[in-house]
file query.cif (mmCIF, C-alpha atoms)
data_run
#
loop_
_atom_site.label_atom_id
_atom_site.label_comp_id
_atom_site.auth_asym_id
_atom_site.auth_seq_id
_atom_site.Cartn_x
_atom_site.Cartn_y
_atom_site.Cartn_z
CA MET A 1 31.95 36.77 22.50
CA SER A 2 32.51 34.44 25.37
CA GLN A 3 35.29 31.89 25.53
CA LEU A 4 33.52 29.98 28.28
CA ASP A 5 32.42 26.61 27.00
CA PRO A 6 29.79 24.55 28.85
CA VAL A 7 32.42 22.39 30.58
CA THR A 8 34.15 25.31 32.25
CA ARG A 9 31.03 27.43 32.66
CA GLY A 10 31.65 30.73 34.35
CA ILE A 11 31.02 31.53 37.99
CA ASP A 12 29.68 34.70 39.57
CA PRO A 13 32.87 36.71 40.27
CA ARG A 14 31.37 37.90 43.57
CA SER A 15 31.33 34.34 44.89
CA PRO A 16 35.11 33.93 45.35
CA ARG A 17 35.32 37.43 46.80
CA PHE A 18 32.65 36.54 49.35
CA GLY A 19 34.56 33.35 50.19
CA ALA A 20 37.80 35.34 50.56
CA GLY A 21 35.99 37.69 52.96
CA VAL A 22 34.84 34.82 55.20
CA THR A 23 38.34 33.34 55.06
CA ALA A 24 39.91 36.71 55.94
CA VAL A 25 37.74 37.05 59.06
CA LEU A 26 38.58 33.52 60.20
CA LEU A 27 42.31 34.14 59.57
CA LEU A 28 42.10 37.31 61.65
CA VAL A 29 40.53 35.31 64.49
CA ASP A 30 43.45 32.92 64.10
CA VAL A 31 45.99 35.76 64.34
CA PHE A 32 44.28 36.88 67.55
CA LEU A 33 44.31 33.40 69.10
CA GLY A 34 47.90 32.74 68.06
CA VAL A 35 49.26 36.01 69.47
CA ALA A 36 47.14 35.69 72.61
CA GLY A 37 48.87 32.39 73.27
CA VAL A 38 45.94 30.02 72.70
CA HIS A 39 48.20 27.87 70.57
CA GLY A 40 46.13 24.69 70.42
CA ILE A 41 42.97 26.30 69.08
CA ALA A 42 44.94 28.59 66.76
CA LEU A 43 46.68 25.56 65.24
CA ILE A 44 43.42 23.63 64.80
CA LEU A 45 41.72 26.62 63.16
CA LEU A 46 44.63 27.15 60.76
CA ALA A 47 44.63 23.45 59.86
CA ALA A 48 40.86 23.62 59.25
CA LEU A 49 41.35 26.63 56.97
CA ALA A 50 44.10 24.73 55.12
CA VAL A 51 41.62 21.86 54.57
CA LEU A 52 39.06 24.34 53.19
CA PHE A 53 41.70 25.79 50.84
CA GLY A 54 42.59 22.26 49.77
CA TRP A 55 38.92 21.58 49.07
CA GLY A 56 38.77 24.58 46.76
CA ALA A 57 42.10 23.77 45.10
CA PHE A 58 41.44 20.09 44.38
CA ALA A 59 37.64 19.87 44.00
CA GLY A 60 37.47 23.22 42.20
CA ILE A 61 36.20 26.55 43.45
CA ARG A 62 32.62 25.75 42.38
CA ARG A 63 32.39 22.83 44.81
CA HIS A 64 33.69 24.88 47.73
CA PRO A 65 31.24 25.15 50.66
CA TYR A 66 31.51 28.97 50.65
CA GLY A 67 30.26 28.89 47.07
CA ALA A 68 27.20 26.93 48.21
CA ILE A 69 26.59 29.44 51.03
CA PHE A 70 26.94 32.30 48.55
CA ARG A 71 24.42 30.74 46.15
CA ALA A 72 21.94 29.91 48.93
CA LEU A 73 22.09 33.07 51.06
CA ILE A 74 23.82 35.95 49.26
CA ARG A 75 23.19 35.58 45.55
CA PRO A 76 19.35 35.76 45.82
CA ARG A 77 19.72 39.21 47.46
CA LEU A 78 21.97 40.62 44.72
CA GLN A 79 21.45 41.76 41.16
CA PRO A 80 22.32 39.10 38.60
CA PRO A 81 26.03 39.19 37.71
CA THR A 82 26.98 41.48 34.82
CA GLU A 83 29.53 38.94 33.64
CA LEU A 84 30.69 35.47 34.52
CA GLU A 85 34.25 34.58 35.34
CA ASP A 86 36.44 31.61 34.51
CA PRO A 87 36.78 29.43 37.64
CA THR A 88 40.44 28.57 36.89
CA PRO A 89 42.13 31.66 38.44
CA PRO A 90 40.27 31.52 41.80
CA THR A 91 40.91 27.77 41.95
CA PHE A 92 44.63 28.44 41.54
CA ALA A 93 44.40 31.09 44.28
CA GLN A 94 42.95 28.43 46.61
CA GLY A 95 46.10 26.39 45.99
CA ILE A 96 48.25 29.31 47.11
CA GLY A 97 46.15 29.64 50.25
CA LEU A 98 46.64 25.92 50.85
CA VAL A 99 50.44 26.26 50.60
CA ILE A 100 50.64 29.21 53.04
CA THR A 101 48.21 27.84 55.66
CA GLY A 102 49.38 24.23 55.19
CA ILE A 103 53.04 25.09 55.81
CA GLY A 104 51.97 27.33 58.70
CA ALA A 105 49.99 24.51 60.34
CA LEU A 106 52.73 21.89 59.81
CA VAL A 107 55.60 24.04 61.09
CA GLY A 108 53.27 25.41 63.76
CA LEU A 109 53.06 21.93 65.27
CA PHE A 110 56.63 22.43 66.45
CA VAL A 111 57.05 26.22 66.39
CA PRO A 112 53.77 27.79 67.61
CA VAL A 113 54.77 31.37 66.65
CA VAL A 114 54.61 30.39 62.98
CA VAL A 115 50.82 29.92 63.20
CA PRO A 116 49.85 33.61 63.61
CA ILE A 117 52.55 34.65 61.10
CA ALA A 118 51.18 32.33 58.41
CA ALA A 119 47.62 33.36 59.29
CA GLY A 120 48.63 37.03 59.02
CA LEU A 121 50.20 36.56 55.57
CA ALA A 122 47.19 34.63 54.31
CA PHE A 123 44.92 37.29 55.82
CA VAL A 124 46.58 40.08 53.84
CA ALA A 125 46.13 38.11 50.60
CA ALA A 126 42.50 37.18 51.34
CA PHE A 127 41.66 40.72 52.48
CA LEU A 128 43.17 42.31 49.36
CA ASN A 129 41.29 39.84 47.20
CA SER A 130 37.97 40.35 48.94
CA VAL A 131 37.99 44.11 49.56
CA PHE A 132 40.06 45.42 46.64
CA GLY A 133 39.67 42.66 44.05
CA TYR A 134 43.45 42.26 43.99
CA CYS A 135 44.62 38.99 42.46
CA LEU A 136 47.74 37.72 44.23
CA GLY A 137 47.47 34.41 42.38
CA CYS A 138 48.04 36.25 39.10
CA GLN A 139 51.34 37.67 40.34
CA ILE A 140 52.54 34.38 41.79
CA TYR A 141 51.63 32.47 38.66
CA LEU A 142 53.60 34.93 36.53
CA ALA A 143 56.55 34.74 38.94
CA LEU A 144 56.53 30.94 38.59
CA VAL A 145 56.44 31.28 34.80
CA ARG A 146 59.36 33.72 34.88
CA ALA A 147 61.33 31.42 37.14
CA GLY A 148 60.84 28.68 34.54
CA LEU A 149 58.83 26.49 36.93
CA ILE A 150 55.72 26.54 34.75
CA ARG A 151 56.02 25.81 31.06
CA ARG A 152 53.48 24.42 28.65
CA ARG A 153 55.42 24.00 25.46
CA ALA A 154 58.61 25.22 23.86
CA ALA A 155 58.70 28.80 22.64
CA THR A 156 58.03 29.03 18.92
CA VAL A 157 58.41 32.74 18.10
CA MET B 1 37.01 21.00 77.53
CA PRO B 2 40.63 22.09 77.96
CA GLY B 3 40.47 24.45 74.98
CA ALA B 4 37.63 26.52 76.42
CA ALA B 5 39.37 26.71 79.77
CA SER B 6 42.57 27.96 78.13
CA VAL B 7 40.65 30.70 76.34
CA ARG B 8 39.22 31.93 79.65
CA ASN B 9 42.64 31.93 81.29
CA VAL B 10 44.36 34.16 78.73
CA PRO B 11 46.09 37.04 80.56
CA ALA B 12 44.86 40.56 79.80
CA MET B 13 48.32 41.52 78.50
CA ASN B 14 48.12 38.81 75.81
CA VAL B 15 44.70 40.01 74.76
CA LEU B 16 46.16 43.48 74.34
CA TRP B 17 49.01 42.21 72.15
CA ALA B 18 46.61 40.06 70.15
CA SER B 19 44.29 43.03 69.55
CA ALA B 20 47.26 45.10 68.42
CA ALA B 21 48.32 42.35 66.00
CA VAL B 22 44.82 42.14 64.53
CA LEU B 23 44.61 45.91 64.16
CA GLY B 24 48.11 46.03 62.63
CA ALA B 25 47.20 43.35 60.07
CA ILE B 26 44.08 45.28 59.03
CA VAL B 27 45.99 48.58 58.76
CA VAL B 28 48.83 47.04 56.71
CA ALA B 29 46.45 45.21 54.35
CA THR B 30 44.32 48.34 53.86
CA ALA B 31 47.39 50.50 53.16
CA VAL B 32 48.70 47.99 50.60
CA GLY B 33 45.27 47.84 48.96
CA LEU B 34 44.92 51.63 48.73
CA ILE B 35 48.41 52.05 47.24
CA TRP B 36 47.70 49.30 44.73
CA ARG B 37 44.36 50.82 43.75
CA ALA B 38 45.93 54.26 43.25
CA ARG B 39 48.45 52.79 40.80
CA VAL B 40 46.72 49.98 38.96
CA GLY B 41 45.66 50.59 35.38
CA ARG B 42 47.41 53.97 35.12
CA ILE B 43 48.91 54.78 31.77
CA ARG B 44 52.65 55.37 31.83
CA THR B 45 53.65 57.10 28.64
CA ALA B 46 56.99 56.23 27.09
CA ARG B 47 59.07 58.04 24.54
CA GLY B 48 60.27 55.61 21.89
CA GLY B 49 60.62 52.66 24.24
CA ALA B 50 63.66 50.45 23.76
CA PRO B 51 61.81 47.12 23.50
CA GLY B 52 59.86 48.44 20.49
CA ALA B 53 61.39 46.04 17.97
CA GLU B 54 60.65 43.08 20.19
CA LEU B 55 57.05 44.25 20.67
CA VAL B 56 56.55 44.72 16.92
CA ARG B 57 57.76 41.19 16.24
CA VAL B 58 55.39 39.78 18.83
CA ALA B 59 52.47 41.83 17.51
CA ALA B 60 53.26 40.79 13.93
CA VAL B 61 53.23 37.10 14.80
CA HIS B 62 49.91 37.43 16.62
CA GLY B 63 47.97 39.42 14.02
CA GLY B 64 49.88 42.54 13.06
CA LEU B 65 49.89 46.25 13.88
CA GLY B 66 46.82 48.47 13.65
CA ASP B 67 46.75 51.53 11.38
CA HIS B 68 46.35 53.95 14.28
CA ALA B 69 47.41 51.99 17.34
CA THR B 70 47.96 48.49 18.67
CA LEU B 71 46.93 47.33 22.13
CA LEU B 72 49.41 44.56 22.89
CA GLN B 73 48.20 42.73 25.98
CA PHE B 74 50.27 40.16 27.89
CA SER B 75 48.27 37.67 29.96
CA THR B 76 48.42 34.31 31.63
CA GLU B 77 45.59 31.82 31.88
CA PHE B 78 45.45 31.95 35.69
CA CYS B 79 44.51 35.62 35.74
CA ALA B 80 40.96 36.82 36.19
CA PRO B 81 41.60 40.52 35.36
CA CYS B 82 43.31 39.41 32.13
CA ARG B 83 40.03 37.96 30.90
CA SER B 84 37.99 41.07 31.61
CA THR B 85 40.76 43.28 30.18
CA ALA B 86 40.81 41.19 26.99
CA ARG B 87 37.05 41.65 26.64
CA VAL B 88 37.24 45.42 27.16
CA LEU B 89 40.20 45.90 24.79
CA ALA B 90 38.70 43.66 22.09
CA GLU B 91 35.49 45.70 22.28
CA LEU B 92 37.48 48.93 22.08
CA SER B 93 39.38 47.75 18.99
CA GLU B 94 36.12 46.74 17.34
CA ARG B 95 34.60 50.16 18.01
CA ARG B 96 37.60 52.18 16.84
CA GLU B 97 38.83 51.83 13.32
CA GLY B 98 42.55 51.22 12.95
CA VAL B 99 43.01 50.03 16.53
CA ALA B 100 44.17 46.42 16.83
CA HIS B 101 44.06 44.28 19.95
CA VAL B 102 46.65 41.52 20.30
CA GLU B 103 46.78 39.19 23.30
CA VAL B 104 49.83 37.05 24.11
CA ASP B 105 49.89 34.30 26.74
CA LEU B 106 53.13 34.54 28.69
CA THR B 107 52.85 30.95 29.91
CA ASP B 108 54.49 29.99 26.62
CA ARG B 109 56.86 32.94 26.60
CA ALA B 110 58.71 33.22 29.88
CA ASP B 111 61.64 34.65 27.89
CA LEU B 112 59.46 37.59 26.78
CA ALA B 113 58.28 38.26 30.32
CA ARG B 114 61.88 38.46 31.44
CA ARG B 115 63.14 40.60 28.54
CA LEU B 116 60.24 43.06 28.77
CA GLY B 117 60.39 43.16 32.55
CA ILE B 118 56.74 42.17 32.92
CA LEU B 119 56.03 41.64 36.61
CA GLN B 120 52.25 41.65 36.57
CA THR B 121 49.43 40.52 34.33
CA PRO B 122 47.72 41.95 32.47
CA THR B 123 50.40 44.32 31.14
CA THR B 124 49.37 46.24 28.03
CA PHE B 125 51.63 48.17 25.66
CA VAL B 126 50.16 50.80 23.36
CA LEU B 127 52.11 50.86 20.08
CA ASP B 128 51.85 53.60 17.49
CA PRO B 129 51.60 52.74 13.75
CA ALA B 130 55.41 52.75 13.49
CA GLY B 131 55.56 50.16 16.25
CA ARG B 132 57.02 52.46 18.88
CA SER B 133 55.88 51.80 22.41
CA ARG B 134 53.93 54.90 23.49
CA ALA B 135 52.55 53.67 26.79
CA ARG B 136 52.64 50.83 29.21
CA ILE B 137 49.75 49.87 31.48
CA GLY B 138 50.07 47.52 34.45
CA GLY B 139 46.81 45.87 35.51
CA ALA B 140 43.33 46.37 34.05
CA PRO B 141 43.60 49.66 32.08
CA ARG B 142 41.57 52.73 33.02
CA LEU B 143 39.34 53.01 30.01
CA GLY B 144 38.97 56.81 30.07
CA GLU B 145 42.74 57.41 30.11
CA LEU B 146 43.26 54.82 27.38
CA VAL B 147 40.63 56.36 25.11
CA ALA B 148 42.25 59.80 25.62
CA LEU B 149 45.64 58.37 24.64
CA LEU B 150 44.17 56.72 21.52
CA ASP B 151 42.53 60.04 20.62
CA SER B 152 45.86 61.84 20.87
CA LEU B 153 47.64 59.14 18.83
CA GLU B 154 45.00 59.47 16.16
CA ALA B 155 45.30 63.29 16.19
CA ASP B 156 49.09 62.96 15.75
CA ARG B 157 48.53 60.75 12.76
CA VAL B 158 46.01 63.11 11.16
CA ALA B 159 48.37 66.07 11.72
CA ALA B 160 51.37 64.24 10.26
#
call {"tool": "encode", "arguments": {"input": "query.cif", "output": "structure tokens"}}
result
Amino acid sequence: MSQLDPVTRGIDPRSPRFGAGVTAVLLLVDVFLGVAGVHGIALILLAALAVLFGWGAFAGIRRHPYGAIFRALIRPRLQPPTELEDPTPPTFAQGIGLVITGIGALVGLFVPVVVPIAAGLAFVAAFLNSVFGYCLGCQIYLALVRAGLIRRRAATV
Amino acid sequence: MPGAASVRNVPAMNVLWASAAVLGAIVVATAVGLIWRARVGRIRTARGGAPGAELVRVAAVHGGLGDHATLLQFSTEFCAPCRSTARVLAELSERREGVAHVEVDLTDRADLARRLGILQTPTTFVLDPAGRSRARIGGAPRLGELVALLDSLEADRVAA
């Protein structure tokens, strides 16, 4: 019984975890550059990562370049996936990444120390997602629901 | 290129601090991940939980209680582990007679999330036939522990 219709066809769950791994490494590089005092390059890298997150959030996780790399280079070397996953949750997670890195890059224009801090926070989230399969987006979505910021329709029960 | 020049001119002290920051980030993230993995999916048994009546009402609206046990799962739509948990629990309820699986989307029921103190999805309550909450599971349940709990609930019922 699969609730995945052809329009929202499932993705290989290993694909977003691979993407999160690449992102985590790049964020770690950014932490290094930011703390080492190479502010210009650190800022540009964080802004580039924000653009990549935005790509995933707005175009959908399946159109993300990391997904294409995964399908071309990694997927052929792996067993076929045991199950497919709905692309909605990882797409939402990309939006969270966009908020953290986007704010970091914008504020970092004026306050350089913010760049490695934002990169460090985003790193922890991406690392937990990639290595442990932890879903920070799930927690944040629920927190938004509880705060009353997300509501679909009036409660009926 | 000014950028490349500035990389070469970074003082050794800064490189040291930067390396420490990178190492610290990895250590913190790994520690958080290990703690999370040690806790997620564990079954916390409860003795006659207070929110029982609320849970029974929710279960009744969404399909009713099972004869032996009810797996009442709270999810949201932006939650990958909720989907896999729903599949596993639905399969379990199909395999075991008298075990019902009920899934509720909290996106429509922020009030429930607040009243039941649900801070993560999926959160699954295991209700006995009387509707008492016997266990609460945060995250994707550990199947072995859940099956053992269902076995003991069933044994209770046979003995009673």
call {"tool": "resolve_selection", "arguments": {"input": "query.cif", "expression": "the PyMOL selection byres ((chain B) within 7 of (chain A))", "output": "CSV table (one decimal) with C-alpha atoms, keeping the file's coordinate frame"}}
result
chain,number,residue,atom,x,y,z
B,3,GLY,CA,40.5,24.4,75.0
B,6,SER,CA,42.6,28.0,78.1
B,7,VAL,CA,40.6,30.7,76.3
B,10,VAL,CA,44.4,34.2,78.7
B,14,ASN,CA,48.1,38.8,75.8
B,15,VAL,CA,44.7,40.0,74.8
B,17,TRP,CA,49.0,42.2,72.2
B,18,ALA,CA,46.6,40.1,70.2
B,19,SER,CA,44.3,43.0,69.6
B,21,ALA,CA,48.3,42.4,66.0
B,22,VAL,CA,44.8,42.1,64.5
B,25,ALA,CA,47.2,43.4,60.1
B,29,ALA,CA,46.4,45.2,54.4
B,33,GLY,CA,45.3,47.8,49.0
B,78,PHE,CA,45.4,32.0,35.7
B,79,CYS,CA,44.5,35.6,35.7
B,80,ALA,CA,41.0,36.8,36.2
B,107,THR,CA,52.8,31.0,29.9
B,108,ASP,CA,54.5,30.0,26.6
B,109,ARG,CA,56.9,32.9,26.6
B,110,ALA,CA,58.7,33.2,29.9
B,113,ALA,CA,58.3,38.3,30.3
B,114,ARG,CA,61.9,38.5,31.4
B,120,GLN,CA,52.2,41.6,36.6
B,121,THR,CA,49.4,40.5,34.3
call {"tool": "residues_around", "arguments": {"input": "query.cif", "residues": "segment 58-66 of chain A", "least_positions_apart": "4", "cutoff": "9 Å", "atoms": "all atoms listed in the file", "output": "PyMOL selection string"}}
result
chain A and resi 11+15-16+18-20+22+52-54+70-71+87-88+90-92+94-95
call {"tool": "resolve_selection", "arguments": {"input": "query.cif", "expression": "the PyMOL selection byres ((chain B and resi 61-73) around 10)", "output": "PyMOL selection string"}}
result
(chain A and resi 157) or (chain B and resi 55-60+74-75+82+85-86+89-90+92-93+96-106+121-138+146+149-151+153-158)
call {"tool": "closest_residue", "arguments": {"input": "query.cif", "among": "B:Ile43, B:Leu16, B:Ala159, B:Ala31", "to": "Pro141 of chain B", "atoms": "only C-alpha atoms"}}
result
B:Ile43
call {"tool": "atom_distance", "arguments": {"input": "query.cif", "atom1": "atom CA of Ile118 of chain B", "atom2": "atom CA of Glu145 of chain B"}}
result
20.9 Å
call {"tool": "atom_distance", "arguments": {"input": "query.cif", "atom1": "atom CA of Leu112 of chain B", "atom2": "atom CA of Gly139 of chain B"}}
result
17.5 Å
call {"tool": "decode", "arguments": {"input": "query.cif", "residues": "segment 93-136 of chain B", "atoms": "C-alpha atoms", "output": "mmCIF file, in the first residue's frame"}}
result
data_model
loop_
_atom_site.group_PDB
_atom_site.id
_atom_site.type_symbol
_atom_site.label_atom_id
_atom_site.label_comp_id
_atom_site.auth_asym_id
_atom_site.auth_seq_id
_atom_site.Cartn_x
_atom_site.Cartn_y
_atom_site.Cartn_z
ATOM 1 C CA SER B 93 -1.907 -4.202 12.916
ATOM 2 C CA GLU B 94 -2.745 -6.253 9.843
ATOM 3 C CA ARG B 95 -0.608 -9.145 11.069
ATOM 4 C CA ARG B 96 -1.920 -9.143 14.637
ATOM 5 C CA GLU B 97 -5.568 -9.687 15.292
ATOM 6 C CA GLY B 98 -7.199 -7.158 17.596
ATOM 7 C CA VAL B 99 -4.482 -4.532 17.119
ATOM 8 C CA ALA B 100 -5.699 -1.313 15.510
ATOM 9 C CA HIS B 101 -3.529 1.382 13.974
ATOM 10 C CA VAL B 102 -4.850 4.943 13.983
ATOM 11 C CA GLU B 103 -2.925 7.860 12.494
ATOM 12 C CA VAL B 104 -3.772 11.489 13.260
ATOM 13 C CA ASP B 105 -2.286 14.480 11.433
ATOM 14 C CA LEU B 106 -1.415 17.164 13.969
ATOM 15 C CA THR B 107 -1.366 19.882 11.314
ATOM 16 C CA ASP B 108 -5.123 20.102 11.847
ATOM 17 C CA ARG B 109 -4.915 19.603 15.596
ATOM 18 C CA ALA B 110 -2.415 21.979 17.148
ATOM 19 C CA ASP B 111 -4.630 21.973 20.261
ATOM 20 C CA LEU B 112 -4.060 18.216 20.674
ATOM 21 C CA ALA B 113 -0.304 18.579 20.270
ATOM 22 C CA ARG B 114 -0.298 21.151 23.043
ATOM 23 C CA ARG B 115 -2.617 19.255 25.416
ATOM 24 C CA LEU B 116 -0.771 15.955 24.981
ATOM 25 C CA GLY B 117 2.620 17.616 25.165
ATOM 26 C CA ILE B 118 3.734 16.185 21.824
ATOM 27 C CA LEU B 119 7.100 17.699 20.948
ATOM 28 C CA GLN B 120 8.194 15.348 18.194
ATOM 29 C CA THR B 121 6.653 13.388 15.353
ATOM 30 C CA PRO B 122 5.931 10.594 15.077
ATOM 31 C CA THR B 123 4.692 10.100 18.657
ATOM 32 C CA THR B 124 2.799 6.858 19.207
ATOM 33 C CA PHE B 125 0.595 5.944 22.168
ATOM 34 C CA VAL B 126 -0.207 2.313 22.886
ATOM 35 C CA LEU B 127 -3.726 2.045 24.349
ATOM 36 C CA ASP B 128 -5.117 -1.044 26.022
ATOM 37 C CA PRO B 129 -8.687 -2.243 25.245
ATOM 38 C CA ALA B 130 -10.050 -0.027 28.033
ATOM 39 C CA GLY B 131 -8.424 2.966 26.382
ATOM 40 C CA ARG B 132 -5.762 3.492 29.029
ATOM 41 C CA SER B 133 -2.449 4.755 27.743
ATOM 42 C CA ARG B 134 0.085 1.982 28.434
ATOM 43 C CA ALA B 135 3.080 3.375 26.604
ATOM 44 C CA ARG B 136 4.340 6.354 24.732
#
